[in-house]
Structure formats: C-alpha cells, structure tokens
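Structure file query-v4.tsv (TSV, C-alpha atoms) follows.
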chain	number	residue	atom	x	y	z
Y	1289	LEU	CA	-22.01	16.89	-35.92
Y	1290	PRO	CA	-23.62	14.20	-38.05
Y	1291	ALA	CA	-27.28	14.95	-38.76
Y	1292	ALA	CA	-28.38	11.31	-39.22
Y	1293	VAL	CA	-27.07	8.40	-37.22
Y	1294	LEU	CA	-25.48	5.60	-39.22
Y	1295	LEU	CA	-27.58	2.46	-39.66
Y	1296	LYS	CA	-24.79	0.58	-37.95
Y	1297	ASP	CA	-25.26	2.39	-34.71
Y	1298	THR	CA	-29.05	2.21	-34.34
Y	1299	LYS	CA	-30.54	-0.07	-31.75
Y	1300	LEU	CA	-32.94	-2.77	-32.77
Y	1301	MET	CA	-35.98	-0.98	-31.38
Y	1302	ASP	CA	-35.20	2.13	-33.46
Y	1303	VAL	CA	-34.77	0.31	-36.76
Y	1304	LYS	CA	-37.68	0.82	-39.14
Y	1305	LEU	CA	-39.32	-2.29	-40.53
Y	1306	GLY	CA	-38.07	-1.62	-44.04
Y	1307	GLN	CA	-34.51	-1.34	-42.85
Y	1308	LEU	CA	-34.67	-4.56	-40.86
Y	1309	GLY	CA	-33.19	-6.71	-43.64
Y	1310	SER	CA	-30.21	-4.46	-44.22
Y	1311	TRP	CA	-29.72	-4.05	-40.49
Y	1312	LEU	CA	-29.62	-7.80	-39.97
Y	1313	ALA	CA	-27.28	-8.25	-42.90
Y	1314	MET	CA	-24.92	-5.70	-41.45
Y	1315	ARG	CA	-24.53	-7.51	-38.11
Y	1316	ASP	CA	-21.36	-9.36	-37.22
Y	1317	PHE	CA	-21.90	-13.10	-37.77
Y	1318	THR	CA	-18.35	-14.28	-37.31
Y	1319	PRO	CA	-17.82	-16.71	-34.39
Y	1320	GLY	CA	-16.10	-13.93	-32.49
Y	1321	GLY	CA	-19.01	-11.63	-33.19
Y	1322	ILE	CA	-21.56	-14.23	-32.09
Y	1323	ILE	CA	-19.71	-14.90	-28.87
Y	1324	GLY	CA	-19.41	-11.17	-28.33
Y	1325	ALA	CA	-23.14	-10.78	-28.80
Y	1326	MET	CA	-23.85	-13.60	-26.32
Y	1327	ARG	CA	-21.48	-12.06	-23.80
Y	1328	ARG	CA	-23.14	-8.67	-24.23
Y	1329	GLY	CA	-26.57	-10.18	-23.72
Y	1330	TYR	CA	-25.43	-12.06	-20.63
Y	1331	ASN	CA	-23.84	-8.93	-19.20
Y	1332	ARG	CA	-26.98	-6.91	-19.82
Y	1333	TYR	CA	-29.20	-9.43	-18.05
Y	1334	TYR	CA	-26.70	-9.97	-15.23
Y	1335	ASN	CA	-26.17	-6.31	-14.53
Y	1336	LYS	CA	-29.84	-5.56	-14.65
Y	1337	TYR	CA	-31.34	-8.35	-12.53
Y	1338	ILE	CA	-28.64	-10.13	-10.54
Y	1339	ASN	CA	-25.74	-7.77	-9.83
Y	1340	VAL	CA	-27.75	-5.50	-7.52
Y	1341	ARG	CA	-27.94	-4.95	-3.80
Y	1342	LYS	CA	-31.44	-6.25	-3.22
Y	1343	GLY	CA	-32.22	-8.64	-6.03
Y	1344	GLY	CA	-35.61	-10.31	-6.07
Y	1345	ILE	CA	-36.92	-13.67	-7.22
Y	1346	GLY	CA	-37.36	-12.36	-10.78
Y	1347	GLY	CA	-33.67	-12.66	-11.57
Y	1348	ILE	CA	-33.46	-16.44	-11.49
Y	1349	SER	CA	-37.14	-17.24	-12.01
Y	1350	MET	CA	-37.04	-15.70	-15.47
Y	1351	VAL	CA	-34.06	-17.86	-16.37
Y	1352	LEU	CA	-35.80	-20.97	-15.02
Y	1353	ALA	CA	-39.02	-20.11	-16.87
Y	1354	GLY	CA	-37.03	-19.68	-20.06
Y	1355	TYR	CA	-35.41	-23.06	-19.46
Y	1356	VAL	CA	-38.80	-24.67	-18.90
Y	1357	VAL	CA	-40.18	-23.22	-22.12
Y	1358	LEU	CA	-37.12	-24.23	-24.11
Y	1359	SER	CA	-37.15	-27.81	-22.80
Y	1360	TYR	CA	-40.89	-28.05	-23.58
Y	1361	MET	CA	-40.19	-26.92	-27.12
Y	1362	TRP	CA	-37.43	-29.51	-27.48
Y	1363	SER	CA	-39.58	-32.31	-26.17
Y	1364	TYR	CA	-42.78	-31.31	-28.04
Y	1365	SER	CA	-42.41	-34.06	-30.60
Y	1366	HIS	CA	-42.52	-36.53	-27.71
Y	1367	VAL	CA	-45.40	-34.79	-25.89
Y	1368	LYS	CA	-47.45	-34.63	-29.08
Y	1369	HIS	CA	-48.56	-38.20	-28.55
Y	1370	ASP	CA	-50.42	-37.30	-25.31
Y	1371	ARG	CA	-52.83	-35.04	-27.13
Y	1372	ARG	CA	-56.49	-35.70	-26.34
Y	1373	ARG	CA	-57.87	-34.77	-29.74
Y	1374	LYS	CA	-56.47	-35.49	-33.11
Y	1375	TYR	CA	-57.90	-32.51	-35.00
Y	1376	HIS	CA	-57.88	-28.96	-33.65
W	986	LEU	CA	-16.51	8.42	-21.54
W	987	ARG	CA	-16.85	7.00	-24.99
W	988	ALA	CA	-19.03	9.94	-25.98
W	989	LEU	CA	-16.09	12.36	-25.73
W	990	PRO	CA	-14.67	13.31	-29.10
W	991	PRO	CA	-11.30	11.76	-29.87
W	992	PRO	CA	-8.38	14.10	-29.50
W	993	VAL	CA	-7.10	13.21	-32.98
W	994	ALA	CA	-9.07	13.94	-36.14
W	995	VAL	CA	-10.49	10.74	-37.58
W	996	GLY	CA	-9.10	11.42	-41.01
W	997	VAL	CA	-5.50	11.45	-39.84
W	998	LEU	CA	-5.45	7.92	-38.44
W	999	HIS	CA	-6.76	5.03	-40.46
W	1000	THR	CA	-9.57	4.29	-38.05
W	1001	THR	CA	-13.27	4.88	-38.14
W	1002	ARG	CA	-13.97	4.52	-34.43
W	1003	PRO	CA	-12.70	6.60	-31.52
W	1004	LEU	CA	-9.68	5.11	-29.83
W	1005	HIS	CA	-9.45	4.54	-26.11
W	1006	THR	CA	-7.37	7.63	-25.51
W	1007	THR	CA	-9.25	8.86	-22.48
W	1008	GLN	CA	-8.40	7.85	-18.97
W	1009	GLN	CA	-10.58	4.81	-18.56
W	1010	SER	CA	-9.58	3.66	-15.13
W	1011	LEU	CA	-11.38	0.90	-13.25
W	1012	ALA	CA	-11.44	2.74	-9.93
W	1013	PRO	CA	-13.42	4.11	-8.26
W	1014	VAL	CA	-16.01	1.54	-9.25
W	1015	PRO	CA	-19.56	2.97	-9.28
W	1016	PRO	CA	-21.73	1.51	-6.49
W	1017	LEU	CA	-24.16	-1.30	-7.23
W	1018	PRO	CA	-27.72	-0.24	-8.05
W	1019	GLU	CA	-30.06	-0.63	-5.13
W	1020	LYS	CA	-32.80	-2.65	-6.79
W	1021	GLY	CA	-32.84	-4.75	-9.95
W	1022	GLY	CA	-35.16	-4.35	-12.86
W	1023	GLU	CA	-38.82	-4.59	-11.94
W	1024	VAL	CA	-40.41	-7.95	-12.65
W	1025	ARG	CA	-44.13	-8.51	-12.37
W	1026	HIS	CA	-45.43	-11.81	-10.94
W	1027	GLY	CA	-41.81	-12.93	-10.85
W	1028	LEU	CA	-41.86	-13.79	-14.55
W	1029	ILE	CA	-42.48	-10.84	-16.84
W	1030	PRO	CA	-40.34	-7.71	-16.83
W	1031	GLU	CA	-42.11	-4.45	-16.24
W	1032	GLU	CA	-40.85	-3.06	-19.52
W	1033	PHE	CA	-43.30	-5.29	-21.37
W	1034	PHE	CA	-46.26	-3.77	-19.55
W	1035	GLN	CA	-44.92	-0.27	-20.20
W	1036	PHE	CA	-44.41	-1.14	-23.85
W	1037	LEU	CA	-48.06	-2.14	-24.28
W	1038	TYR	CA	-49.54	0.56	-22.04
W	1039	PRO	CA	-49.87	3.39	-24.62
W	1040	LYS	CA	-51.83	1.21	-27.04
W	1041	THR	CA	-53.84	-1.08	-24.77
W	1042	GLY	CA	-53.89	0.46	-21.32
W	1043	VAL	CA	-53.47	-1.49	-18.11
W	1044	THR	CA	-55.33	-4.69	-19.01
W	1045	GLY	CA	-53.63	-5.14	-22.35
W	1046	PRO	CA	-50.85	-7.53	-21.36
W	1047	TYR	CA	-53.26	-9.60	-19.25
W	1048	MET	CA	-55.65	-9.94	-22.17
W	1049	LEU	CA	-52.73	-10.90	-24.35
W	1050	GLY	CA	-51.69	-13.50	-21.80
W	1051	THR	CA	-55.18	-14.95	-21.50
W	1052	GLY	CA	-55.59	-15.09	-25.27
W	1053	LEU	CA	-52.24	-16.79	-25.71
W	1054	LEU	CA	-53.04	-19.32	-23.00
W	1055	LEU	CA	-56.38	-20.21	-24.52
W	1056	TYR	CA	-54.84	-20.49	-27.97
W	1057	LEU	CA	-52.09	-22.80	-26.70
W	1058	LEU	CA	-54.61	-24.95	-24.85
W	1059	SER	CA	-57.19	-25.15	-27.62
W	1060	LYS	CA	-54.75	-25.95	-30.35
W	1061	GLU	CA	-53.01	-28.33	-27.92
W	1062	ILE	CA	-49.68	-26.72	-28.48
W	1063	TYR	CA	-49.53	-27.08	-24.73
W	1064	VAL	CA	-50.68	-30.64	-23.97
W	1065	VAL	CA	-52.40	-31.35	-20.64
W	1066	ASN	CA	-51.00	-34.63	-19.36
W	1067	HIS	CA	-49.53	-36.09	-16.20
W	1068	GLU	CA	-46.71	-33.61	-16.35
W	1069	THR	CA	-49.19	-30.78	-16.04
W	1070	ALA	CA	-50.45	-32.17	-12.74
W	1071	ALA	CA	-46.90	-32.57	-11.48
W	1072	ALA	CA	-46.04	-29.04	-12.59
W	1073	ALA	CA	-49.12	-27.66	-10.83
W	1074	CYS	CA	-48.19	-29.34	-7.53
W	1075	ILE	CA	-44.55	-28.27	-7.75
W	1076	LEU	CA	-45.45	-24.71	-8.62
W	1077	THR	CA	-47.91	-24.51	-5.74
W	1078	VAL	CA	-45.31	-25.62	-3.28
W	1079	ILE	CA	-42.68	-23.29	-4.71
W	1080	ILE	CA	-44.95	-20.29	-4.70
W	1081	TYR	CA	-46.11	-21.02	-1.15
W	1082	GLY	CA	-42.49	-21.36	-0.01
W	1083	VAL	CA	-41.39	-18.15	-1.70
W	1084	LYS	CA	-44.31	-16.18	-0.36
W	1085	LYS	CA	-43.80	-17.40	3.17
W	1086	PHE	CA	-40.02	-17.48	3.56
W	1087	GLY	CA	-38.90	-15.05	0.88
W	1088	ALA	CA	-38.46	-12.06	3.15
W	1089	ASP	CA	-36.47	-14.00	5.75
W	1090	VAL	CA	-34.13	-15.48	3.19
W	1091	ALA	CA	-33.63	-12.05	1.65
W	1092	ALA	CA	-32.82	-10.56	5.07
W	1093	PHE	CA	-30.35	-13.35	5.75
W	1094	ALA	CA	-28.62	-12.87	2.42
W	1095	ASP	CA	-28.52	-9.14	3.01
W	1096	LYS	CA	-26.90	-9.72	6.39
W	1097	LEU	CA	-24.23	-11.92	4.81
W	1098	ASN	CA	-23.56	-9.25	2.23
W	1099	GLU	CA	-23.41	-6.61	4.93
W	1100	GLU	CA	-20.76	-8.58	6.79
W	1101	LYS	CA	-18.68	-9.05	3.66
W	1102	VAL	CA	-18.89	-5.39	2.80
W	1103	ALA	CA	-18.10	-4.44	6.40
W	1104	THR	CA	-14.93	-6.56	6.48
W	1105	VAL	CA	-13.74	-5.21	3.16
W	1106	LEU	CA	-14.54	-1.66	4.21
W	1107	ALA	CA	-12.67	-2.18	7.47
W	1108	MET	CA	-9.69	-3.44	5.50
W	1109	LYS	CA	-9.85	-0.44	3.22
W	1110	ASN	CA	-10.05	1.98	6.13
W	1111	GLU	CA	-7.23	0.21	7.87
W	1112	THR	CA	-5.08	0.48	4.77
W	1113	ILE	CA	-5.94	4.14	4.38
W	1114	ARG	CA	-5.06	4.76	8.02
W	1115	THR	CA	-1.78	2.90	7.71
W	1116	LEU	CA	-0.88	4.82	4.59
W	1117	GLN	CA	-1.72	8.09	6.29
W	1118	THR	CA	0.49	7.29	9.24
W	1119	ALA	CA	3.18	6.35	6.74
W	1120	ILE	CA	2.73	9.76	5.09
W	1121	GLU	CA	3.06	11.46	8.48
W	1122	GLU	CA	6.20	9.50	9.21
W	1123	GLU	CA	7.60	10.38	5.82
W	1124	LYS	CA	6.91	14.06	6.36
W	1125	LYS	CA	8.61	13.85	9.71
W	1126	GLU	CA	11.61	12.21	8.10
W	1127	GLN	CA	11.71	14.95	5.52
W	1128	TRP	CA	11.63	17.52	8.29
W	1129	ARG	CA	14.46	15.66	10.00
W	1130	VAL	CA	16.54	15.85	6.85
W	1131	GLU	CA	16.61	19.61	7.26
W	1132	GLY	CA	18.56	19.16	10.47
W	1133	ARG	CA	21.28	17.34	8.57
W	1134	SER	CA	23.51	20.40	8.43
W	1135	TYR	CA	23.46	20.75	12.22
W	1136	LEU	CA	24.34	17.12	12.58
W	1137	PHE	CA	27.29	17.48	10.30
W	1138	ASP	CA	28.45	20.64	12.01
W	1139	ALA	CA	28.39	18.89	15.34
W	1140	LYS	CA	30.29	15.96	13.88
W	1141	ARG	CA	32.82	18.27	12.31
W	1142	ASN	CA	33.29	20.02	15.67
W	1143	ASN	CA	33.75	16.70	17.37
W	1144	ILE	CA	36.37	15.63	14.94
W	1145	ALA	CA	38.18	18.95	15.17
W	1146	MET	CA	38.21	18.65	18.94
W	1147	LEU	CA	39.55	15.15	18.74
W	1148	LEU	CA	42.28	16.21	16.42
W	1149	GLU	CA	43.16	19.16	18.63
W	1150	ALA	CA	43.23	17.02	21.75
W	1151	ASN	CA	45.38	14.45	20.05
W	1152	TYR	CA	47.76	17.10	18.79
W	1153	ARG	CA	48.12	18.66	22.20
W	1154	GLU	CA	48.60	15.30	23.83
W	1155	ARG	CA	51.44	14.55	21.47
W	1156	LEU	CA	52.90	17.97	21.97
W	1157	LEU	CA	52.88	17.36	25.72
W	1158	MET	CA	54.52	14.01	25.22
W	1159	VAL	CA	57.25	15.54	23.10
W	1160	TYR	CA	57.81	18.27	25.66
W	1161	ASN	CA	58.04	15.73	28.47
W	1162	GLU	CA	60.47	13.55	26.63
W	1163	VAL	CA	62.70	16.45	25.71
W	1164	LYS	CA	62.57	17.76	29.26
W	1165	LYS	CA	63.52	14.35	30.59
W	1166	ARG	CA	66.52	14.18	28.34
W	1167	LEU	CA	67.61	17.70	29.22
W	1168	ASP	CA	67.14	17.02	32.93
W	1169	TYR	CA	69.27	14.00	32.55
W	1170	GLN	CA	72.03	16.03	31.02
W	1171	VAL	CA	71.76	18.69	33.72
W	1172	ALA	CA	71.78	16.06	36.44
W	1173	MET	CA	74.83	14.48	34.89
W	1174	GLN	CA	76.64	17.78	34.85
W	1175	THR	CA	75.77	18.67	38.44
W	1176	LEU	CA	76.77	15.25	39.60
W	1177	LYS	CA	80.02	15.47	37.79
W	1178	ARG	CA	80.77	18.93	39.24
W	1179	GLN	CA	79.81	17.85	42.72
W	1180	LYS	CA	81.99	14.84	42.50
W	1181	GLU	CA	84.85	16.94	41.22
W	1182	GLN	CA	84.35	19.45	44.06
W	1183	ASP	CA	84.20	16.80	46.71
W	1184	TYR	CA	87.23	15.08	45.40
W	1185	MET	CA	89.14	18.32	45.13
W	1186	ILE	CA	88.26	19.35	48.70
W	1187	GLN	CA	89.23	15.98	49.96
W	1188	TRP	CA	92.50	16.10	48.07
W	1189	VAL	CA	93.26	19.61	49.30
W	1190	GLU	CA	92.49	18.67	52.89
W	1191	LYS	CA	94.61	15.57	52.61
W	1192	ASN	CA	97.51	17.50	51.18
W	1193	VAL	CA	97.23	20.22	53.79
W	1194	VAL	CA	97.15	17.73	56.58
W	1195	GLN	CA	100.11	16.00	55.08
W	1196	SER	CA	102.02	19.25	54.73
W	1197	ILE	CA	101.67	20.18	58.33
W	1198	THR	CA	105.17	19.06	59.53
W	1199	PRO	CA	105.84	18.50	63.22
W	1200	GLN	CA	108.10	21.64	63.21
W	1201	GLN	CA	105.26	23.84	62.02
W	1202	GLN	CA	102.93	22.26	64.54
W	1203	LYS	CA	105.24	23.20	67.42
W	1204	GLU	CA	105.65	26.73	66.12
W	1205	SER	CA	101.95	27.25	65.73
W	1206	ILE	CA	101.21	25.93	69.20
W	1207	ALA	CA	103.83	28.29	70.76
W	1208	LYS	CA	102.42	31.20	68.82
W	1209	CYS	CA	98.96	30.37	70.09
W	1210	ILE	CA	100.14	30.25	73.67
W	1211	LEU	CA	101.83	33.64	73.31
W	1212	ASP	CA	98.70	35.07	71.78
W	1213	LEU	CA	96.63	33.67	74.60
W	1214	LYS	CA	98.97	35.19	77.17
W	1215	ALA	CA	98.79	38.50	75.50
W	1216	LEU	CA	95.07	38.35	75.39
W	1217	SER	CA	94.82	37.40	79.01
W	1218	LYS	CA	97.05	40.25	79.90
W	1219	SER	CA	94.90	42.71	78.01
W	1220	ALA	CA	91.84	41.16	79.63
W	1221	HIS	CA	93.39	41.56	83.07
W	1222	ALA	CA	94.21	45.09	82.23
W	1223	ALA	CA	90.67	45.80	81.07
W	1224	VAL	CA	89.21	44.48	84.22

Once you've parsed the file, please lay out its structure as structure tokens.
Amino acid sequence: LPAAVLLKDTKLMDVKLGQLGSWLAMRDFTPGGIIGAMRRGYNRYYNKYINVRKGGIGGISMVLAGYVVLSYMWSYSHVKHDRRRKYH
Amino acid sequence: LRALPPPVAVGVLHTTRPLHTTQQSLAPVPPLPEKGGEVRHGLIPEEFFQFLYPKTGVTGPYMLGTGLLLYLLSKEIYVVNHETAAAACILTVIIYGVKKFGADVAAFADKLNEEKVATVLAMKNETIRTLQTAIEEEKKEQWRVEGRSYLFDAKRNNIAMLLEANYRERLLMVYNEVKKRLDYQVAMQTLKRQKEQDYMIQWVEKNVVQSITPQQQKESIAKCILDLKALSKSAHAAV
C-alpha cells in the first residue's frame, strides 16, 4: 500500500499552496484533455443538481446567474460609460 | 469498482493504471438521488456556507456578500443604470412567480415523471411476467421430452401391428387363391367323373335294351307267368 498519494491523484482542494504550480503544470492541456475536463465538470453539475427526483429552482437558476455575470463581464467596457463618477 | 486491485501485477503489463478487468455492467442502474444539492436563496450552494462556517460562523458568508456588494457599488464595477431598474422589475416578478406557483409546477412535473416511470415499470413487469411464463412453458416442454420414449414405443407397436396385419392379409389372400385353384381342379375332376359315369350308364342301358331280342322277351314273359302261377298256387295252399 502506498504511504503517500501521488500528486497526480490529489484533488484541487487537497493540494497545498506550494504545490499548486506543479499541480497545474501536470494537468492535461491537450484538446482532448480540455474537452474531457469540460465533460467531467458538466457531468458533476448535472448529476448533482438536475438529474434528481425532486430538483429545485437552484439547478437552473445558478446557470442563469452565471450567464448573467458572464454577459455583464463581457459588456463591461460598454457599461463603463454609464458610470456616475469618474474617480472612485 | 475502480478501487479493487487489478488481478494482474502492474509490473507485468506495461501500464500504470488499473485496467477495466472487473465486471462493470450498466445494469442494474442505481436509483436517482431523491433531492439535489442544497442551494441557499436559489443561487449559492450550501457547500460555500459550510466551507466558511468553521472560520466565520453563521453570518460569515452574508458579511462577505454585503462587503462584496458595497465594494462593487462603490468602485462602480457594477454600474447602476437603466438596466438595473429593468433587472429589479424582472427579478421581482420572477421571484413572486416562483414563490407563488413553484410548488404547483413541481407537483405537476412530479406527476408527469410518475406516469412515465409507471408506464416503464409496467412494461418491465409485463416483460418479466412474459418471460416467466415462457420459462414455465419451456420447463413443461422439457418434461414432455421425457415422454419421448413412450411415444416411440407406441409408434413402434403401431408399425409392428400394421406390418403383422398386412402380412396376415396377404397370407389369407394367398391361401384363398390357392384354394380357389385347387377347388377348380377338384371340380373339374368330379365333373369329368360324373360325366363319364352318366355316359357309361346311358351306354350300358342302351346296349342292354338293344340286346333284349324279341325271343328273349317272350321267354322271360313265359317264365314270369309260370312263376306267378307257382306263387299263386303256394298262396292258395297257404290259405
């Protein structure tokens, strides 16, 4: 039985701050890897909030809130001109 | 399942991860979880509150939220313009609608799901029942196979009887034919003999009649008369 778990197998929340760089470098950044990561993330969210017997509003409202925030960030350069004060 | 150790030592094969050598079958599928992950105020997952609880207690996330909001507003990272008013109105309506009709919509969706599950379950039970009857039938057929030997014995007996009957019928036919031929021969012989007898008698009679000359006739008649006289005399004497 291995005494210490390999860095490869640790989850993000268990990685120490000093190891973060090497952990990130070790991840799979090929297109296949990226798509795999996206699919994993989607599956995690789907199976946790949507694929249940009695799902609540939280499942879709979180997605919509994320969409709202993202679209605000993309249109910030346009919204900047409606600011009331010039210096903050 | 992936936690099970691989049946082959890792050093033998040129792999560093366990292979899928266990029986990973897709059925039976585990049932769906009853409720999804907890979400507070419909926006923030409960895990966030639990994450901050040891360090900041119950009010921690709310303080964080308030601080963030004030920071965004004061630095005008979030700009208050006409869109804010529109967003406020829309959100009010949405939240009012969800609060008022949420339960009904959820019940309706649950009912739809129930019906779907019920139909599929009925189909599954029906299939199981059909398969079980098929198993019963199959067992019965297998039991029937055991009676095969009796069937064949009966058939063999039938055939033997048929053969026997046929043989005897032919034997009878042969006997009849032979008897007919022999009868014919016998009849021929008797006929021939009879005819010969009749002819011979006729011929003898004819010759005898022919040989009776008139001389002999007179002599025989005279003799008869003498005999009759003698007889009458003896009769007279007796009386």

- Query: When you draw a straight line from atom CA of W:Gln1182 to atom CA of W:Gln1202, how long is it in Å?
  - Reply: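 Distance between the two atoms: 27.8 Å.
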
- Identify all chain Y residues at most 10 Å from chain W by counting all atoms listed in the file; ligands do not count. Present them as a VMD selection string. chain Y and resid 1333 to 1354 1360 to 1361 1364 1367 to 1376

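Every protein or nucleic acid residue with an atom no more than 12 Å from stretch 1311-1324 of chain Y, counting all atoms listed in the file and leaving out same-chain residues fewer than 5 positions away, appears here: Leu1294, Leu1295, Lys1296, Asp1297, Thr1298, Lys1299, Leu1300, Met1301, Asp1302, Val1303, Lys1304, Leu1305, Gly1306, Gly1329, Tyr1330 and Asn1331 of chain Y.
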
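Note that atom CA of W:Asn1151 and atom CA of W:Tyr1169 are 27.0 Å apart.
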
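Atom CA of W:Asp1089 lies 26.8 Å from atom CA of Y:Tyr1355.
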
Find the smallest box with edges along x, y and z containing every listed atom of stretch 1351-1366 of chain Y, then add 3 Å on each side and report centre and edge lengths in Å to one decimal, as JSON.
{"center_x": -38.4, "center_y": -27.2, "center_z": -22.8, "size_x": 14.7, "size_y": 24.7, "size_z": 21.6}

Can you give me N, CA and C atoms for stretch 1290-1321 of chain Y, written as a PDB file, in the frame of the given file?
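selection_8.pdb, freshly written:
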ATOM      1  N   PRO Y1290     -22.855  14.875 -36.981  1.00  0.00           N
ATOM      2  CA  PRO Y1290     -23.620  14.200 -38.050  1.00  0.00           C
ATOM      3  C   PRO Y1290     -25.122  14.393 -37.807  1.00  0.00           C
ATOM      4  N   ALA Y1291     -25.849  14.700 -38.878  1.00  0.00           N
ATOM      5  CA  ALA Y1291     -27.280  14.950 -38.760  1.00  0.00           C
ATOM      6  C   ALA Y1291     -28.030  13.643 -38.545  1.00  0.00           C
ATOM      7  N   ALA Y1292     -27.682  12.598 -39.333  1.00  0.00           N
ATOM      8  CA  ALA Y1292     -28.380  11.310 -39.220  1.00  0.00           C
ATOM      9  C   ALA Y1292     -27.407  10.293 -38.665  1.00  0.00           C
ATOM     10  N   VAL Y1293     -27.922   9.436 -37.798  1.00  0.00           N
ATOM     11  CA  VAL Y1293     -27.070   8.400 -37.220  1.00  0.00           C
ATOM     12  C   VAL Y1293     -26.917   7.288 -38.237  1.00  0.00           C
ATOM     13  N   LEU Y1294     -25.721   6.700 -38.291  1.00  0.00           N
ATOM     14  CA  LEU Y1294     -25.480   5.600 -39.220  1.00  0.00           C
ATOM     15  C   LEU Y1294     -26.377   4.428 -38.862  1.00  0.00           C
ATOM     16  N   LEU Y1295     -26.740   3.635 -39.902  1.00  0.00           N
ATOM     17  CA  LEU Y1295     -27.580   2.460 -39.660  1.00  0.00           C
ATOM     18  C   LEU Y1295     -26.898   1.499 -38.700  1.00  0.00           C
ATOM     19  N   LYS Y1296     -25.556   1.523 -38.767  1.00  0.00           N
ATOM     20  CA  LYS Y1296     -24.790   0.580 -37.950  1.00  0.00           C
ATOM     21  C   LYS Y1296     -25.013   0.811 -36.471  1.00  0.00           C
ATOM     22  N   ASP Y1297     -25.233   2.094 -36.138  1.00  0.00           N
ATOM     23  CA  ASP Y1297     -25.260   2.390 -34.710  1.00  0.00           C
ATOM     24  C   ASP Y1297     -26.646   2.373 -34.101  1.00  0.00           C
ATOM     25  N   THR Y1298     -27.704   2.178 -34.920  1.00  0.00           N
ATOM     26  CA  THR Y1298     -29.050   2.210 -34.340  1.00  0.00           C
ATOM     27  C   THR Y1298     -29.282   0.956 -33.531  1.00  0.00           C
ATOM     28  N   LYS Y1299     -30.144   1.120 -32.523  1.00  0.00           N
ATOM     29  CA  LYS Y1299     -30.540  -0.070 -31.750  1.00  0.00           C
ATOM     30  C   LYS Y1299     -31.692  -0.746 -32.477  1.00  0.00           C
ATOM     31  N   LEU Y1300     -31.927  -1.985 -32.057  1.00  0.00           N
ATOM     32  CA  LEU Y1300     -32.940  -2.770 -32.770  1.00  0.00           C
ATOM     33  C   LEU Y1300     -34.318  -2.123 -32.678  1.00  0.00           C
ATOM     34  N   MET Y1301     -34.640  -1.539 -31.518  1.00  0.00           N
ATOM     35  CA  MET Y1301     -35.980  -0.980 -31.380  1.00  0.00           C
ATOM     36  C   MET Y1301     -36.170   0.274 -32.208  1.00  0.00           C
ATOM     37  N   ASP Y1302     -35.066   0.905 -32.659  1.00  0.00           N
ATOM     38  CA  ASP Y1302     -35.200   2.130 -33.460  1.00  0.00           C
ATOM     39  C   ASP Y1302     -35.148   1.876 -34.952  1.00  0.00           C
ATOM     40  N   VAL Y1303     -34.872   0.606 -35.324  1.00  0.00           N
ATOM     41  CA  VAL Y1303     -34.770   0.310 -36.760  1.00  0.00           C
ATOM     42  C   VAL Y1303     -36.181   0.243 -37.343  1.00  0.00           C
ATOM     43  N   LYS Y1304     -36.363   0.907 -38.477  1.00  0.00           N
ATOM     44  CA  LYS Y1304     -37.680   0.820 -39.140  1.00  0.00           C
ATOM     45  C   LYS Y1304     -37.822  -0.554 -39.797  1.00  0.00           C
ATOM     46  N   LEU Y1305     -39.089  -0.932 -40.015  1.00  0.00           N
ATOM     47  CA  LEU Y1305     -39.320  -2.290 -40.530  1.00  0.00           C
ATOM     48  C   LEU Y1305     -38.668  -2.517 -41.882  1.00  0.00           C
ATOM     49  N   GLY Y1306     -38.659  -1.459 -42.711  1.00  0.00           N
ATOM     50  CA  GLY Y1306     -38.070  -1.620 -44.040  1.00  0.00           C
ATOM     51  C   GLY Y1306     -36.576  -1.818 -43.977  1.00  0.00           C
ATOM     52  N   GLN Y1307     -35.958  -1.250 -42.941  1.00  0.00           N
ATOM     53  CA  GLN Y1307     -34.510  -1.340 -42.850  1.00  0.00           C
ATOM     54  C   GLN Y1307     -34.050  -2.617 -42.166  1.00  0.00           C
ATOM     55  N   LEU Y1308     -35.036  -3.422 -41.718  1.00  0.00           N
ATOM     56  CA  LEU Y1308     -34.670  -4.560 -40.860  1.00  0.00           C
ATOM     57  C   LEU Y1308     -33.730  -5.508 -41.590  1.00  0.00           C
ATOM     58  N   GLY Y1309     -34.027  -5.776 -42.893  1.00  0.00           N
ATOM     59  CA  GLY Y1309     -33.190  -6.710 -43.640  1.00  0.00           C
ATOM     60  C   GLY Y1309     -31.750  -6.239 -43.703  1.00  0.00           C
ATOM     61  N   SER Y1310     -31.579  -4.956 -44.099  1.00  0.00           N
ATOM     62  CA  SER Y1310     -30.210  -4.460 -44.220  1.00  0.00           C
ATOM     63  C   SER Y1310     -29.528  -4.398 -42.866  1.00  0.00           C
ATOM     64  N   TRP Y1311     -30.301  -4.094 -41.826  1.00  0.00           N
ATOM     65  CA  TRP Y1311     -29.720  -4.050 -40.490  1.00  0.00           C
ATOM     66  C   TRP Y1311     -29.214  -5.417 -40.061  1.00  0.00           C
ATOM     67  N   LEU Y1312     -30.041  -6.450 -40.339  1.00  0.00           N
ATOM     68  CA  LEU Y1312     -29.620  -7.800 -39.970  1.00  0.00           C
ATOM     69  C   LEU Y1312     -28.406  -8.227 -40.770  1.00  0.00           C
ATOM     70  N   ALA Y1313     -28.397  -7.835 -42.063  1.00  0.00           N
ATOM     71  CA  ALA Y1313     -27.280  -8.250 -42.900  1.00  0.00           C
ATOM     72  C   ALA Y1313     -25.978  -7.623 -42.434  1.00  0.00           C
ATOM     73  N   MET Y1314     -26.109  -6.456 -41.808  1.00  0.00           N
ATOM     74  CA  MET Y1314     -24.920  -5.700 -41.450  1.00  0.00           C
ATOM     75  C   MET Y1314     -24.287  -6.207 -40.155  1.00  0.00           C
ATOM     76  N   ARG Y1315     -25.046  -7.055 -39.398  1.00  0.00           N
ATOM     77  CA  ARG Y1315     -24.530  -7.510 -38.110  1.00  0.00           C
ATOM     78  C   ARG Y1315     -23.345  -8.429 -38.287  1.00  0.00           C
ATOM     79  N   ASP Y1316     -22.606  -8.604 -37.207  1.00  0.00           N
ATOM     80  CA  ASP Y1316     -21.360  -9.360 -37.220  1.00  0.00           C
ATOM     81  C   ASP Y1316     -21.680 -10.819 -36.946  1.00  0.00           C
ATOM     82  N   PHE Y1317     -21.556 -11.686 -37.971  1.00  0.00           N
ATOM     83  CA  PHE Y1317     -21.900 -13.100 -37.770  1.00  0.00           C
ATOM     84  C   PHE Y1317     -20.691 -13.997 -37.697  1.00  0.00           C
ATOM     85  N   THR Y1318     -19.516 -13.424 -37.519  1.00  0.00           N
ATOM     86  CA  THR Y1318     -18.350 -14.280 -37.310  1.00  0.00           C
ATOM     87  C   THR Y1318     -18.468 -14.946 -35.939  1.00  0.00           C
ATOM     88  N   PRO Y1319     -17.735 -16.068 -35.721  1.00  0.00           N
ATOM     89  CA  PRO Y1319     -17.820 -16.710 -34.390  1.00  0.00           C
ATOM     90  C   PRO Y1319     -17.476 -15.737 -33.271  1.00  0.00           C
ATOM     91  N   GLY Y1320     -16.428 -14.908 -33.502  1.00  0.00           N
ATOM     92  CA  GLY Y1320     -16.100 -13.930 -32.490  1.00  0.00           C
ATOM     93  C   GLY Y1320     -17.238 -12.962 -32.254  1.00  0.00           C
ATOM     94  N   GLY Y1321     -17.893 -12.543 -33.322  1.00  0.00           N
ATOM     95  CA  GLY Y1321     -19.010 -11.630 -33.190  1.00  0.00           C
ATOM     96  C   GLY Y1321     -20.171 -12.256 -32.443  1.00  0.00           C
TER      97      GLY Y1321
END
